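A quick write-up on the structure given underneath.
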Amino acid sequence: MDSKLPKTSQTTDNQQVEQFLTLFMDAQKSIYTYILTLIPSRSDADDIMQETLMVMWRKFSEFEQDREFVAWGVGIAKFQIMSYRKKQARKPYQFSDETFEALADMKIDSKLTDRRLTVLQDCLKKLSQRDYQVMKMLYEKKVSTQHIAEAINRSIHTVYKMVPKIHGLLHDCIRNNMKVESR
């Protein structure tokens with residue numbers, strides 16, 4: 001007898017689920033784009049997005065209806081990213097705390113960010129095969145610098161020097177392509 005919820009309670013729960021899902025579906029792309037701007041690995045970004053979703057659902061009863069849902073979700077994502085950064089602190093190629101804060105506090109324009117991701121993908125294709133392989137191993141496959149050095153038959157010191165140069169090439173390519181579009 002007690003296993004069934006009263007009909008009004010079920011209706012309220014269903015309405016809350018529906019409201020959350022409607023808001024989340026509209027906000028999901030913007031929140032994920034925000035995470036991707038701060039987390040280079042898609043698999044890590046996916047994990048952080050999932051954790052963010054779970055926290056958002058648990059705290060949805062605290063969400064103030066007059067507040068922007070995307071901003072609320074991005075705030076939760078920021079805390080999830082900070083937790084991830086603490087766990088990753090000893091790994092090389094982390095943003096400095098100052099850089100992270102500057103990026104994390106930027107207002108997200110999802111159209112501009114989508115365009116930057118497209119330009120980044122185009123710029124990655126313009127890298128030499130070796131440079132592209134290094135970036136893919138480093139950020140997508142999370143291969144250690146030592147293993148990258150072995151894979152490309154170079155010293156670890158060479159790899160440490162290569163990565164900032166490749167970052168510079170990508171930065172210049174992105175900047176130049178974004179300038180062309182703004183004209």
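Order determines the names: the first chain of the structure tokens is A, the second B, and so forth; residues in each chain are numbered 1 upward, and ligands are numbered 1 upward as they are shown.
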
Shell of 8 Å around Val119 in chain A, only C-alpha atoms, local chain residues under 3 positions omitted, as a PyMOL selection string = chain A and resi 115-116+122-123+174+177-178

Within 12 Å of Ser144 in chain A, counting only C-alpha atoms, which residues qualify if same-chain residues fewer than 4 places away don't, as a compact mmCIF listing (two decimals) with N, CA and C atoms, in the first residue's frame?
# COMPACT_ATOMS: atom_id res chain seq x y z
N LYS A 91 50.71 16.54 -13.49
CA LYS A 91 50.93 16.26 -14.90
C LYS A 91 51.43 17.51 -15.62
N PRO A 92 52.33 17.30 -16.59
CA PRO A 92 52.83 18.46 -17.33
C PRO A 92 51.75 19.05 -18.23
N TYR A 93 52.02 20.23 -18.71
CA TYR A 93 51.16 20.92 -19.67
C TYR A 93 49.81 21.32 -19.10
N VAL A 134 52.12 14.02 -32.26
CA VAL A 134 52.51 14.41 -30.91
C VAL A 134 51.31 15.00 -30.15
N MET A 135 50.59 15.91 -30.79
CA MET A 135 49.42 16.52 -30.13
C MET A 135 48.35 15.47 -29.82
N LYS A 136 48.11 14.58 -30.76
CA LYS A 136 47.10 13.54 -30.57
C LYS A 136 47.49 12.62 -29.40
N MET A 137 48.75 12.22 -29.36
CA MET A 137 49.20 11.35 -28.27
C MET A 137 49.12 12.07 -26.93
N LEU A 138 49.53 13.33 -26.93
CA LEU A 138 49.59 14.09 -25.69
C LEU A 138 48.22 14.38 -25.12
N TYR A 139 47.30 14.86 -25.96
CA TYR A 139 46.02 15.35 -25.44
C TYR A 139 44.86 14.37 -25.59
N GLU A 140 44.87 13.60 -26.63
CA GLU A 140 43.74 12.69 -26.83
C GLU A 140 44.00 11.35 -26.17
N ILE A 148 55.97 9.32 -25.88
CA ILE A 148 55.92 10.10 -27.13
C ILE A 148 57.31 10.15 -27.73
N ALA A 149 58.31 10.43 -26.90
CA ALA A 149 59.69 10.50 -27.37
C ALA A 149 60.10 9.18 -28.03
N GLU A 150 59.74 8.09 -27.41
CA GLU A 150 60.06 6.77 -27.98
C GLU A 150 59.31 6.53 -29.28
N ALA A 151 58.05 6.94 -29.33
CA ALA A 151 57.23 6.71 -30.52
C ALA A 151 57.72 7.48 -31.74
N ILE A 156 63.49 12.91 -24.98
CA ILE A 156 62.43 13.52 -24.19
C ILE A 156 62.60 15.04 -24.15
N VAL A 159 61.10 16.52 -27.21
CA VAL A 159 59.64 16.57 -27.12
C VAL A 159 59.21 17.75 -26.25
N TYR A 160 59.91 17.97 -25.13
CA TYR A 160 59.58 19.11 -24.27
C TYR A 160 59.73 20.44 -25.01

Quick one: pull the distance between CA of Lys142 in chain A and CA of Asp47 in chain A, Å, one decimal.
->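 Separation of CA of Lys142 in chain A and CA of Asp47 in chain A: 14.7 Å.
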
Using only C-alpha atoms, pick whichever of A:Gln50, A:Arg67, A:Gln121, A:Asp44 has the shortest atom-to-atom distance to Gln88 in chain A.
->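 The answer is A:Asp44, which sits nearest to Gln88 in chain A.
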
What does the distance between CA of Met162 in chain A and CA of Lys87 in chain A come to in Å, to one decimal place?
->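 Value for the CA of Met162 in chain A-CA of Lys87 in chain A distance: 25.5 Å.
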
Kindly give the distance, in Å, that separates CA of Ile76 in chain A and CA of Leu53 in chain A, rounded to a single decimal.
->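 CA of Leu53 in chain A lies at a distance of 8.9 Å from CA of Ile76 in chain A.
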